[in-house]
file entry-v2.csv (CSV, C-alpha atoms)
chain,number,residue,atom,x,y,z
A,18,MET,CA,101.3,100.4,82.8
A,19,GLN,CA,98.1,98.4,82.9
A,20,ASN,CA,97.3,96.6,86.2
A,21,LEU,CA,100.1,98.5,88.0
A,22,ALA,CA,98.3,98.5,91.3
A,23,TYR,CA,98.1,94.7,91.2
A,24,PHE,CA,101.8,94.2,90.8
A,25,ILE,CA,102.6,96.9,93.4
A,26,CYS,CA,100.3,95.5,96.1
A,27,GLY,CA,101.5,91.9,95.8
A,28,GLN,CA,105.1,93.0,96.2
A,29,ALA,CA,104.2,95.1,99.3
A,30,GLY,CA,103.0,92.1,101.2
A,31,ILE,CA,99.3,92.6,100.8
A,32,VAL,CA,97.2,90.2,98.7
A,33,PRO,CA,95.7,91.7,95.6
A,34,LEU,CA,92.7,90.0,93.9
A,35,ALA,CA,92.5,90.5,90.2
A,36,ILE,CA,88.8,90.3,89.2
A,37,GLY,CA,88.5,89.6,85.5
A,38,LYS,CA,87.1,87.2,82.9
A,39,PRO,CA,88.9,84.0,82.0
A,40,GLY,CA,91.6,84.1,79.3
A,41,VAL,CA,92.7,87.8,79.8
A,42,ALA,CA,96.4,87.2,80.6
A,43,LYS,CA,96.4,87.1,84.4
A,44,THR,CA,98.5,83.9,84.6
A,45,ALA,CA,100.8,85.1,81.8
A,46,SER,CA,101.5,88.3,83.7
A,47,MET,CA,102.4,86.3,86.8
A,48,LEU,CA,104.8,84.2,84.8
A,49,ALA,CA,106.4,87.4,83.5
A,50,LEU,CA,106.8,88.9,87.0
A,51,ALA,CA,108.3,85.6,88.4
A,52,LYS,CA,110.8,85.6,85.5
A,53,LYS,CA,111.8,89.2,86.0
A,54,ILE,CA,112.5,88.9,89.7
A,55,GLY,CA,113.9,85.4,89.6
A,56,TYR,CA,111.1,83.7,91.6
A,57,ARG,CA,109.4,80.3,91.0
A,58,LEU,CA,105.7,80.5,90.3
A,59,TYR,CA,103.2,78.1,91.8
A,60,ILE,CA,99.6,78.2,90.7
A,61,LEU,CA,97.0,77.1,93.2
A,62,THR,CA,93.7,76.6,91.4
A,63,GLY,CA,91.0,76.7,94.0
A,64,SER,CA,88.3,75.0,91.8
A,65,ILE,CA,90.1,71.7,91.6
A,66,ARG,CA,91.4,71.5,95.1
A,67,GLU,CA,90.1,70.1,98.3
A,68,PRO,CA,90.6,71.9,101.6
A,69,ALA,CA,93.4,69.4,102.6
A,70,ASP,CA,95.2,70.1,99.3
A,71,ILE,CA,95.5,73.7,100.5
A,72,GLY,CA,96.1,73.5,104.2
A,73,GLY,CA,97.8,70.1,104.5
A,74,TYR,CA,96.8,66.6,105.7
A,75,PRO,CA,96.6,65.5,109.4
A,76,THR,CA,99.0,62.8,110.5
A,77,LEU,CA,99.8,61.1,113.8
A,78,LYS,CA,103.2,61.7,115.3
A,79,GLU,CA,104.8,60.7,118.6
A,80,ILE,CA,107.4,61.9,121.0
A,81,VAL,CA,108.9,60.3,124.1
A,82,HIS,CA,108.6,62.4,127.3
A,83,ASP,CA,109.7,61.2,130.7
A,84,GLY,CA,109.8,57.6,129.4
A,85,GLN,CA,106.3,57.8,128.0
A,86,THR,CA,105.3,57.8,124.4
A,87,ILE,CA,102.9,60.7,123.6
A,88,HIS,CA,100.9,60.8,120.4
A,89,TYR,CA,99.8,64.0,118.9
A,90,MET,CA,98.2,65.3,115.6
A,91,ALA,CA,100.3,67.3,113.2
A,92,ILE,CA,99.6,68.7,109.7
A,93,VAL,CA,101.8,67.6,106.8
A,94,PRO,CA,102.2,70.6,104.5
A,95,PRO,CA,101.7,70.2,100.7
A,96,GLU,CA,104.8,70.0,98.5
A,97,TYR,CA,104.6,73.6,97.3
A,98,VAL,CA,105.0,74.8,100.9
A,99,ILE,CA,108.3,72.9,101.3
A,100,ARG,CA,109.5,74.3,98.0
A,101,ALA,CA,108.6,77.9,99.0
A,102,MET,CA,110.6,77.4,102.2
A,103,GLN,CA,113.6,76.5,100.1
A,104,GLU,CA,113.6,79.3,97.4
A,105,PRO,CA,111.6,82.5,96.7
A,106,HIS,CA,108.2,81.8,95.2
A,107,ILE,CA,105.1,83.6,93.9
A,108,LEU,CA,102.0,81.8,95.1
A,109,PHE,CA,99.2,82.6,92.6
A,110,ILE,CA,95.8,81.6,94.0
A,111,ASP,CA,93.5,81.3,91.0
A,112,GLU,CA,89.7,80.9,90.6
A,113,LEU,CA,89.0,82.0,94.1
A,114,THR,CA,85.3,82.5,93.6
A,115,CYS,CA,85.0,79.0,92.2
A,116,CYS,CA,86.2,77.6,95.6
A,117,HIS,CA,83.7,75.8,97.8
A,118,PRO,CA,83.4,77.8,101.1
A,119,GLY,CA,85.3,75.0,102.8
A,120,THR,CA,88.2,75.5,100.4
A,121,GLN,CA,87.9,79.3,100.8
A,122,SER,CA,88.5,78.8,104.5
A,123,ALA,CA,91.7,77.0,103.9
A,124,MET,CA,92.7,79.8,101.5
A,125,LEU,CA,91.9,82.3,104.3
A,126,ALA,CA,94.7,81.0,106.5
A,127,ILE,CA,97.2,81.7,103.6
A,128,ALA,CA,95.9,85.2,102.9
A,129,ALA,CA,95.4,86.2,106.5
A,130,GLU,CA,98.4,84.6,108.3
A,131,ARG,CA,100.6,83.2,105.5
A,132,ARG,CA,100.0,79.9,107.3
A,133,VAL,CA,99.6,76.5,105.7
A,134,GLY,CA,98.8,73.9,108.3
A,135,ASP,CA,101.5,74.2,111.0
A,136,GLU,CA,104.0,76.0,108.7
A,137,TYR,CA,104.4,79.7,107.8
A,138,LEU,CA,105.4,81.1,104.5
A,139,ASP,CA,108.3,83.6,104.9
A,140,ASP,CA,108.5,87.1,103.3
A,141,ARG,CA,110.2,85.6,100.2
A,142,THR,CA,106.8,84.2,99.2
A,143,LEU,CA,104.7,86.8,97.4
A,144,ILE,CA,101.0,86.0,97.3
A,145,PHE,CA,98.6,87.1,94.5
A,146,ALA,CA,95.0,86.0,93.8
A,147,ALA,CA,92.6,86.1,90.9
A,148,CYS,CA,89.0,85.3,90.3
A,149,ASN,CA,86.2,85.6,87.8
A,150,PRO,CA,83.2,87.7,88.9
A,151,PRO,CA,80.9,85.3,90.8
A,152,GLY,CA,78.1,85.8,88.2
A,153,THR,CA,80.4,84.5,85.4
A,154,ALA,CA,82.3,81.9,87.3
A,155,ALA,CA,81.3,78.3,86.9
A,156,ASN,CA,79.7,77.2,90.2
A,157,GLY,CA,80.7,80.6,91.5
A,158,TYR,CA,80.5,81.5,95.2
A,159,PRO,CA,80.6,85.0,96.6
A,160,LEU,CA,83.6,85.6,98.9
A,161,GLU,CA,83.0,85.3,102.6
A,162,ALA,CA,83.5,88.7,104.4
A,163,THR,CA,86.4,87.4,106.4
A,164,MET,CA,88.2,86.5,103.2
A,165,ALA,CA,87.1,89.6,101.2
A,166,ASN,CA,88.4,91.9,104.0
A,167,ARG,CA,92.0,90.5,103.6
A,168,LEU,CA,92.3,91.3,99.9
A,169,VAL,CA,92.8,94.3,97.7
A,170,HIS,CA,90.0,94.1,95.1
A,171,LEU,CA,91.2,95.3,91.7
A,172,LYS,CA,89.5,95.1,88.3
A,173,TRP,CA,91.8,93.4,85.8
A,174,SER,CA,92.5,95.3,82.6
A,175,PHE,CA,93.1,93.1,79.5
A,176,PRO,CA,96.3,94.2,77.7
A,177,ARG,CA,94.6,94.6,74.4
A,178,LYS,CA,97.4,96.4,72.5
A,179,ALA,CA,100.0,93.7,73.5
A,180,TRP,CA,97.6,91.0,72.4
A,181,LEU,CA,97.1,92.6,69.0
A,182,GLN,CA,100.8,93.0,68.7
A,183,GLY,CA,101.3,89.3,69.4
A,184,MET,CA,98.7,88.2,66.9
A,185,ARG,CA,100.3,90.3,64.2
A,186,ASN,CA,103.7,88.7,65.1
A,187,GLY,CA,102.7,85.1,64.7
A,188,LEU,CA,101.4,84.5,68.2
A,189,ASN,CA,104.7,85.8,69.7
A,190,TYR,CA,103.2,88.0,72.4
A,191,PRO,CA,105.4,90.7,74.2
A,192,SER,CA,106.0,89.8,77.8
A,193,PRO,CA,104.6,92.2,80.4
A,194,VAL,CA,107.2,94.4,82.1
A,195,PRO,CA,106.0,94.7,85.7
A,196,PRO,CA,107.6,97.3,88.0
A,197,ILE,CA,109.9,96.1,90.8
A,198,LEU,CA,109.3,97.6,94.2
A,199,PRO,CA,112.5,99.2,95.6
A,200,ASP,CA,113.9,97.7,98.8
A,201,ASP,CA,113.4,101.0,100.7
A,202,TRP,CA,109.7,101.4,99.8
A,203,LYS,CA,108.7,101.2,103.5
A,204,LYS,CA,110.3,104.7,104.0
A,205,HIS,CA,107.1,106.2,102.7
A,206,ILE,CA,104.8,104.5,105.2
A,207,VAL,CA,105.2,107.1,107.9
A,208,GLY,CA,103.8,110.0,105.8
A,209,THR,CA,101.0,107.9,104.3
A,210,ALA,CA,99.9,106.5,107.7
A,211,SER,CA,99.9,109.9,109.4
A,212,LEU,CA,97.5,111.2,106.7
A,213,ILE,CA,95.2,108.3,107.2
A,214,ALA,CA,95.3,108.8,111.0
A,215,GLU,CA,94.4,112.5,110.7
A,216,PHE,CA,91.6,111.7,108.3
A,217,HIS,CA,90.0,109.4,110.9
A,218,GLU,CA,90.6,112.0,113.6
A,219,ARG,CA,88.7,114.6,111.6
A,220,VAL,CA,86.2,112.5,109.7
A,221,PRO,CA,84.7,109.7,111.8
A,222,GLY,CA,82.5,107.0,110.4
A,223,PHE,CA,84.9,105.3,107.9
A,224,LEU,CA,87.0,103.2,110.2
A,225,GLU,CA,84.6,100.3,110.7
A,226,PRO,CA,81.5,99.1,108.8
A,227,GLU,CA,78.1,99.7,110.4
A,228,GLU,CA,76.6,97.0,112.6
A,229,ASN,CA,73.0,96.3,113.6
A,230,ASP,CA,71.8,95.6,117.2
A,231,SER,CA,72.8,92.0,116.8
A,232,GLY,CA,76.4,92.8,115.9
A,233,ASP,CA,75.9,91.8,112.2
A,234,LEU,CA,77.4,93.9,109.4
A,235,VAL,CA,74.9,96.2,107.7
A,236,LEU,CA,76.3,95.2,104.3
A,237,SER,CA,74.6,93.4,101.4
A,238,ILE,CA,76.0,90.1,100.1
A,239,THR,CA,77.7,91.9,97.3
A,240,GLU,CA,79.3,94.5,99.7
A,241,ARG,CA,80.5,91.7,102.0
A,242,SER,CA,82.3,90.1,99.1
A,243,GLY,CA,84.1,93.3,98.1
A,244,ALA,CA,86.2,96.0,99.7
A,245,PHE,CA,84.9,97.6,102.9
A,246,PRO,CA,86.6,99.7,105.6
A,247,THR,CA,88.1,98.1,108.7
A,248,PRO,CA,91.2,98.9,110.7
A,249,ARG,CA,92.9,96.0,108.8
A,250,THR,CA,92.1,97.3,105.3
A,251,TRP,CA,93.2,100.8,106.3
A,252,ASP,CA,96.5,99.3,107.4
A,253,MET,CA,96.7,97.5,104.0
A,254,ALA,CA,95.9,100.8,102.3
A,255,ALA,CA,98.8,102.6,104.1
A,256,ARG,CA,101.2,99.9,102.8
A,257,GLY,CA,99.8,100.0,99.2
A,258,LEU,CA,99.9,103.8,99.0
A,259,ALA,CA,103.4,103.9,100.3
A,260,ALA,CA,104.5,101.3,97.8
A,261,ALA,CA,102.8,103.3,95.0
A,262,LYS,CA,104.7,106.4,96.0
A,263,ALA,CA,108.0,104.5,95.9
A,264,VAL,CA,107.3,103.3,92.4
A,265,THR,CA,105.7,106.6,91.1
A,266,PRO,CA,107.1,109.6,93.0
A,267,ASP,CA,105.3,112.1,90.8
A,268,SER,CA,102.0,112.8,92.7
A,269,ASP,CA,100.3,114.2,89.6
A,270,SER,CA,100.7,110.9,87.7
A,271,ARG,CA,99.8,108.8,90.8
A,272,ASP,CA,96.3,110.0,91.4
A,273,ASP,CA,94.5,107.2,89.5
A,274,LEU,CA,96.9,104.6,90.9
A,275,ASP,CA,96.3,105.8,94.5
A,276,SER,CA,92.5,105.8,93.9
A,277,GLU,CA,92.6,102.3,92.6
A,278,ILE,CA,94.6,101.0,95.5
A,279,LEU,CA,92.6,102.8,98.2
A,280,THR,CA,89.2,101.9,96.7
A,281,GLY,CA,90.4,98.3,96.4
A,282,CYS,CA,91.2,98.2,100.1
A,283,VAL,CA,88.4,100.2,101.8
A,284,GLY,CA,85.7,100.6,99.2
A,285,TYR,CA,84.5,103.6,97.1
A,286,ALA,CA,82.7,105.7,99.7
A,287,ALA,CA,85.6,105.6,102.2
A,288,ALA,CA,88.2,106.3,99.5
A,289,GLU,CA,86.3,109.2,98.1
A,290,SER,CA,85.9,110.8,101.5
A,291,PHE,CA,89.6,110.4,102.2
A,292,PHE,CA,90.7,112.1,99.0
A,293,ASP,CA,88.2,114.9,99.6
A,294,TYR,CA,89.8,115.4,103.0
A,295,ILE,CA,93.3,115.4,101.4
A,296,ASP,CA,92.2,118.1,99.0
A,297,THR,CA,91.0,120.4,101.8
A,298,LEU,CA,94.3,120.0,103.7
A,299,ASP,CA,96.4,121.9,101.0
A,300,LEU,CA,99.6,121.1,102.9
A,301,PRO,CA,102.9,122.8,102.3
A,302,ASP,CA,105.5,120.8,100.4
A,303,PRO,CA,107.8,119.4,103.1
A,304,ASN,CA,110.9,119.4,101.0
A,305,GLU,CA,110.4,123.1,100.2
A,306,SER,CA,110.0,123.8,104.0
A,307,LEU,CA,113.2,121.9,104.7
A,308,PHE,CA,115.1,123.8,102.1
A,309,ASP,CA,113.9,127.1,103.4
A,310,MET,CA,114.9,126.1,106.9
A,311,ILE,CA,118.4,125.0,105.8
A,312,GLN,CA,118.9,128.3,104.1
A,313,ALA,CA,117.7,130.3,107.2
A,314,GLN,CA,120.0,128.2,109.4
A,315,ALA,CA,123.0,128.7,107.1
A,316,GLN,CA,122.5,132.5,107.2
A,317,GLY,CA,122.5,132.4,111.0
A,318,GLY,CA,118.9,133.5,111.4
A,319,ASP,CA,117.6,134.4,114.8
A,320,ASP,CA,114.6,132.7,116.5
A,321,GLU,CA,112.1,135.1,114.9
A,322,THR,CA,113.6,134.4,111.4
A,323,LEU,CA,113.5,130.7,111.9
A,324,SER,CA,110.0,130.8,113.1
A,325,SER,CA,108.9,132.8,110.1
A,326,VAL,CA,110.0,130.2,107.5
A,327,VAL,CA,108.0,127.4,109.2
A,328,PRO,CA,104.5,127.1,107.7
A,329,ASP,CA,101.7,127.2,110.3
A,330,PRO,CA,98.7,125.2,109.1
A,331,GLU,CA,96.9,126.2,112.4
A,332,ARG,CA,94.3,123.5,112.5
A,333,ALA,CA,95.4,120.6,114.7
A,334,ASP,CA,95.0,117.8,112.2
A,335,LYS,CA,96.8,119.9,109.5
A,336,VAL,CA,99.7,120.5,111.9
A,337,ARG,CA,100.0,116.8,112.6
A,338,ALA,CA,99.7,115.9,108.9
A,339,PHE,CA,102.3,118.5,107.9
A,340,LEU,CA,104.8,117.3,110.6
A,341,GLY,CA,104.2,113.7,109.5
A,342,SER,CA,105.0,114.7,105.9
A,343,VAL,CA,108.2,116.3,107.1
A,344,THR,CA,109.2,113.2,108.9
A,345,SER,CA,108.4,111.1,105.9
A,346,ALA,CA,110.6,113.3,103.7
A,347,ILE,CA,113.4,112.9,106.2
A,348,ILE,CA,113.2,109.1,106.2
A,349,VAL,CA,113.4,109.1,102.4
A,350,ASP,CA,116.4,111.4,102.3
A,351,ASN,CA,118.0,111.6,105.8
A,352,SER,CA,121.1,113.7,105.6
A,353,LEU,CA,122.4,115.4,108.7
A,354,GLU,CA,121.6,118.9,107.3
A,355,ARG,CA,118.0,118.0,106.5
A,356,TRP,CA,117.5,116.3,109.8
A,357,ASN,CA,118.7,119.4,111.7
A,358,ALA,CA,116.3,121.5,109.7
A,359,ALA,CA,113.5,119.1,110.5
A,360,GLN,CA,114.3,119.3,114.2
A,361,GLU,CA,114.0,123.1,114.0
A,362,ILE,CA,110.7,122.9,112.2
A,363,PHE,CA,109.4,120.7,115.0
A,364,ARG,CA,110.7,123.0,117.7
A,365,GLN,CA,108.9,126.0,116.1
A,366,SER,CA,105.7,124.0,115.7
A,367,ILE,CA,105.9,122.8,119.3
A,368,LYS,CA,106.2,126.4,120.5
A,369,ARG,CA,103.0,127.3,118.6
A,370,HIS,CA,100.9,124.1,119.2
A,371,LYS,CA,102.5,122.4,122.1
A,372,GLU,CA,101.1,118.9,122.7
A,373,VAL,CA,99.6,118.8,119.2
A,374,SER,CA,103.1,118.9,117.7
A,375,ILE,CA,105.1,117.0,120.3
A,376,VAL,CA,103.2,113.8,119.8
A,377,CYS,CA,104.5,113.8,116.2
A,378,ALA,CA,108.2,113.9,117.2
A,379,GLY,CA,108.8,110.2,118.0
A,380,PRO,CA,109.3,109.0,114.4
A,381,LEU,CA,111.7,111.9,113.7
A,382,TYR,CA,114.0,111.1,116.6
A,383,ASN,CA,113.7,107.3,115.9
A,384,ASN,CA,115.4,108.1,112.6
A,385,LYS,CA,118.2,110.4,113.9
A,386,PRO,CA,121.2,110.1,111.6
A,387,LYS,CA,124.7,109.6,112.8
A,388,GLY,CA,126.2,112.8,114.2
A,389,ALA,CA,122.9,114.4,114.9
A,390,ARG,CA,122.2,115.8,118.3
A,391,ILE,CA,119.2,117.1,120.2
A,392,THR,CA,119.7,120.9,120.7
A,393,GLN,CA,119.3,122.5,124.1
A,394,ASP,CA,116.6,124.8,122.6
A,395,MET,CA,114.6,121.7,121.7
A,396,VAL,CA,115.1,120.2,125.2
A,397,GLU,CA,113.9,123.4,126.8
A,398,THR,CA,110.9,123.7,124.4
A,399,VAL,CA,109.8,120.1,125.2
A,400,ALA,CA,110.2,120.7,128.9
A,401,ASN,CA,108.1,123.9,128.7
A,402,CYS,CA,105.5,121.9,126.7
A,403,ILE,CA,105.4,119.3,129.5
A,404,GLY,CA,104.9,122.0,132.0
A,405,TYR,CA,102.1,123.4,130.0
A,406,VAL,CA,100.3,120.1,129.7
A,407,LEU,CA,100.7,119.4,133.5
A,408,ASP,CA,99.7,123.0,134.3
A,409,THR,CA,103.0,123.5,136.2
A,410,LYS,CA,105.6,126.2,136.1
A,411,ASP,CA,108.6,126.1,133.8
A,412,LEU,CA,110.3,122.8,134.4
A,413,THR,CA,113.6,124.0,133.0
A,414,SER,CA,114.4,126.0,136.1

call {"tool": "encode", "arguments": {"input": "entry-v2.csv", "output": "structure tokens"}}
result
Amino acid sequence: MQNLAYFICGQAGIVPLAIGKPGVAKTASMLALAKKIGYRLYILTGSIREPADIGGYPTLKEIVHDGQTIHYMAIVPPEYVIRAMQEPHILFIDELTCCHPGTQSAMLAIAAERRVGDEYLDDRTLIFAACNPPGTAANGYPLEATMANRLVHLKWSFPRKAWLQGMRNGLNYPSPVPPILPDDWKKHIVGTASLIAEFHERVPGFLEPEENDSGDLVLSITERSGAFPTPRTWDMAARGLAAAKAVTPDSDSRDDLDSEILTGCVGYAAAESFFDYIDTLDLPDPNESLFDMIQAQAQGGDDETLSSVVPDPERADKVRAFLGSVTSAIIVDNSLERWNAAQEIFRQSIKRHKEVSIVCAGPLYNNKPKGARITQDMVETVANCIGYVLDTKDLTS
């Protein structure tokens, strides 16, 4: 589907920015999404708004405290905020690059904190944004870096075939059919985030933009207005990639989608370096490893047999990435049998790599299913690991 990344990111709680020319069905697509999920759509057009229209108007209020009347300033939120607090809404921020910088600042509070004046939008409000390229927008302004770094920058693709179909059908255009993010999409975050962490452990230089001696970003005006890497945008990327995996489980058909989301979050150079790193990992399939372990346990394999079915990536970052993928697979499908197999995979990895592996165990045990128990072998393995790290004798004695 066209513009799939845009629909996915907005539902994952990160704000996508559709960059495209006027009249290419951006608003119509938002109407279709709102209709499909049963939300109300509110269009906030930045070019015709003043900052107070966005963030609310100041008003004087009073309270009585200890017999004294105290006056204070409060912000009265716009009507759309009150409506969004009463029922689920899609807030569509349009013509963002046509906003005066003062209006952009008011928009920033919405994108960054989901805050409008003194009120906060809850999770039932999905936020999407759109703009024309600054060079084609009337009275266009480049995005400020603080605003740009809170958005997923995505090029909008005009649905040409659907438009032609509507023209041939007497202007009855087919409605877009956007995907709906499943409720359990966050299960994929652990695996995605662990890969990102190992990338930064192994490949430094793509976590923050370069600064000069004065602390200013070494970025051109164009680069400041687009996607660039920061800890915030890598966090956004982890969420976006996890949501993409939930919608499109097949990794082969997800390559372009992942690339679009990651590039939209952290920029082209950082995204290319990340995917190059993933290609070099060549990790074992975690579900195949779990299946092999289940089979070995069912056949009553001894410790040597159990050890032989566990892949050994050897390099520290590969070990951590593999164990992160095992945990992610467990969170997605957390049966008792699979969890027990995962625990044995961790035990064998800890025996080989000690503290490198043990630091990965937290998420697995945080997702322990009902009826699962920590084996005595695992307890002894962890105790021996602690003894190794502290340079003491076996702590199990």

call {"tool": "closest_atom_pairs", "arguments": {"input": "entry-v2.csv", "of": "segment 97-160 of chain A", "to": "segment 49-62 of chain A", "cutoff": "10 Å", "atoms": "all atoms listed in the file", "output": "JSON lines"}}
result
{"residue": "A:Tyr97", "atom": "CA", "partner": "A:Tyr59", "partner_atom": "CA", "distance": 7.2}
{"residue": "A:Val98", "atom": "CA", "partner": "A:Tyr59", "partner_atom": "CA", "distance": 9.8}
{"residue": "A:Arg100", "atom": "CA", "partner": "A:Arg57", "partner_atom": "CA", "distance": 9.2}
{"residue": "A:Ala101", "atom": "CA", "partner": "A:Arg57", "partner_atom": "CA", "distance": 8.4}
{"residue": "A:Glu104", "atom": "CA", "partner": "A:Tyr56", "partner_atom": "CA", "distance": 7.7}
{"residue": "A:Pro105", "atom": "CA", "partner": "A:Tyr56", "partner_atom": "CA", "distance": 5.3}
{"residue": "A:His106", "atom": "CA", "partner": "A:Arg57", "partner_atom": "CA", "distance": 4.6}
{"residue": "A:Ile107", "atom": "CA", "partner": "A:Leu58", "partner_atom": "CA", "distance": 4.8}
{"residue": "A:Leu108", "atom": "CA", "partner": "A:Tyr59", "partner_atom": "CA", "distance": 5.1}
{"residue": "A:Phe109", "atom": "CA", "partner": "A:Ile60", "partner_atom": "CA", "distance": 4.8}
{"residue": "A:Ile110", "atom": "CA", "partner": "A:Leu61", "partner_atom": "CA", "distance": 4.7}
{"residue": "A:Asp111", "atom": "CA", "partner": "A:Thr62", "partner_atom": "CA", "distance": 4.7}
{"residue": "A:Glu112", "atom": "CA", "partner": "A:Thr62", "partner_atom": "CA", "distance": 5.9}
{"residue": "A:Leu113", "atom": "CA", "partner": "A:Thr62", "partner_atom": "CA", "distance": 7.7}
{"residue": "A:Cys115", "atom": "CA", "partner": "A:Thr62", "partner_atom": "CA", "distance": 9.1}
{"residue": "A:Cys116", "atom": "CA", "partner": "A:Thr62", "partner_atom": "CA", "distance": 8.7}
{"residue": "A:Met124", "atom": "CA", "partner": "A:Leu61", "partner_atom": "CA", "distance": 9.7}
{"residue": "A:Arg141", "atom": "CA", "partner": "A:Tyr56", "partner_atom": "CA", "distance": 8.9}
{"residue": "A:Thr142", "atom": "CA", "partner": "A:Tyr56", "partner_atom": "CA", "distance": 8.7}
{"residue": "A:Leu143", "atom": "CA", "partner": "A:Tyr56", "partner_atom": "CA", "distance": 9.2}
{"residue": "A:Ile144", "atom": "CA", "partner": "A:Tyr59", "partner_atom": "CA", "distance": 9.9}
{"residue": "A:Phe145", "atom": "CA", "partner": "A:Ile60", "partner_atom": "CA", "distance": 9.7}
{"residue": "A:Ala146", "atom": "CA", "partner": "A:Leu61", "partner_atom": "CA", "distance": 9.1}
{"residue": "A:Ala147", "atom": "CA", "partner": "A:Thr62", "partner_atom": "CA", "distance": 9.6}
{"residue": "A:Cys148", "atom": "CA", "partner": "A:Thr62", "partner_atom": "CA", "distance": 9.9}

call {"tool": "closest_residue", "arguments": {"input": "entry-v2.csv", "among": "A:Asp135, A:Glu227, A:Glu130, A:Asp233", "to": "Pro75 of chain A", "atoms": "only C-alpha atoms"}}
result
A:Asp135

call {"tool": "atom_distance", "arguments": {"input": "entry-v2.csv", "atom1": "atom CA of Arg241 of chain A", "atom2": "atom CA of Leu171 of chain A"}}
result
15.3 Å

call {"tool": "atom_distance", "arguments": {"input": "entry-v2.csv", "atom1": "atom CA of Asn186 of chain A", "atom2": "atom CA of Gly37 of chain A"}}
result
25.5 Å

call {"tool": "closest_residue", "arguments": {"input": "entry-v2.csv", "among": "A:Ala254, A:Ala244, A:Val235, A:Leu212", "to": "Arg337 of chain A", "atoms": "only C-alpha atoms"}}
result
A:Leu212

call {"tool": "residues_near_point", "arguments": {"input": "entry-v2.csv", "point": "(92.0, 94.7, 108.2)", "cutoff": "9 Å", "atoms": "only C-alpha atoms", "output": "list of chain:residue names"}}
result
A:Asn166, A:Arg167, A:Leu168, A:Pro246, A:Thr247, A:Pro248, A:Arg249, A:Thr250, A:Trp251, A:Asp252, A:Met253, A:Cys282

call {"tool": "residues_around", "arguments": {"input": "entry-v2.csv", "residues": "Asp201 of chain A", "least_positions_apart": "6", "cutoff": "12 Å", "atoms": "all atoms listed in the file", "output": "number ranges by chain"}}
result
A: 29, 259-260, 262-264, 348-350

call {"tool": "residues_near_point", "arguments": {"input": "entry-v2.csv", "point": "(90.2, 68.7, 102.7)", "cutoff": "12 Å", "atoms": "all atoms listed in the file", "output": "number ranges by chain"}}
result
A: 63, 65-75, 92, 95, 117-124, 134

call {"tool": "residues_around", "arguments": {"input": "entry-v2.csv", "residues": "Asp329 of chain A", "least_positions_apart": "2", "cutoff": "12 Å", "atoms": "only C-alpha atoms", "output": "number ranges by chain"}}
result
A: 299-301, 306, 324-327, 331-340, 362-363, 365-370, 374

call {"tool": "atom_distance", "arguments": {"input": "entry-v2.csv", "atom1": "atom CA of Thr114 of chain A", "atom2": "atom CA of Glu161 of chain A"}}
result
9.7 Å

call {"tool": "residues_around", "arguments": {"input": "entry-v2.csv", "residues": "Leu198 of chain A", "least_positions_apart": "2", "cutoff": "7 Å", "atoms": "only C-alpha atoms", "output": "list in words"}}
result
Ile25, Gln28, Pro196, Asp200, Trp202 and Val264 of chain A

call {"tool": "residues_around", "arguments": {"input": "entry-v2.csv", "residues": "Ser345 of chain A", "least_positions_apart": "6", "cutoff": "10 Å", "atoms": "all atoms listed in the file", "output": "ChimeraX atom specification"}}
result
/A:204-211,303-304,339,351,380-381

call {"tool": "residues_around", "arguments": {"input": "entry-v2.csv", "residues": "His217 of chain A", "least_positions_apart": "4", "cutoff": "10 Å", "atoms": "all atoms listed in the file", "output": "MDAnalysis selection string"}}
result
chainID A and resid 212:213 221:224 291 294 334

call {"tool": "closest_residue", "arguments": {"input": "entry-v2.csv", "among": "A:Pro195, A:Ala287, A:Ile295, A:Lys387", "to": "Asp272 of chain A", "atoms": "all atoms listed in the file"}}
result
A:Ile295

call {"tool": "closest_residue", "arguments": {"input": "entry-v2.csv", "among": "A:Val343, A:Cys26, A:Ala288, A:Leu234", "to": "Leu307 of chain A", "atoms": "all atoms listed in the file"}}
result
A:Val343

call {"tool": "closest_residue", "arguments": {"input": "entry-v2.csv", "among": "A:Lys78, A:Glu361, A:Asn401, A:Trp356", "to": "Ala389 of chain A", "atoms": "all atoms listed in the file"}}
result
A:Trp356
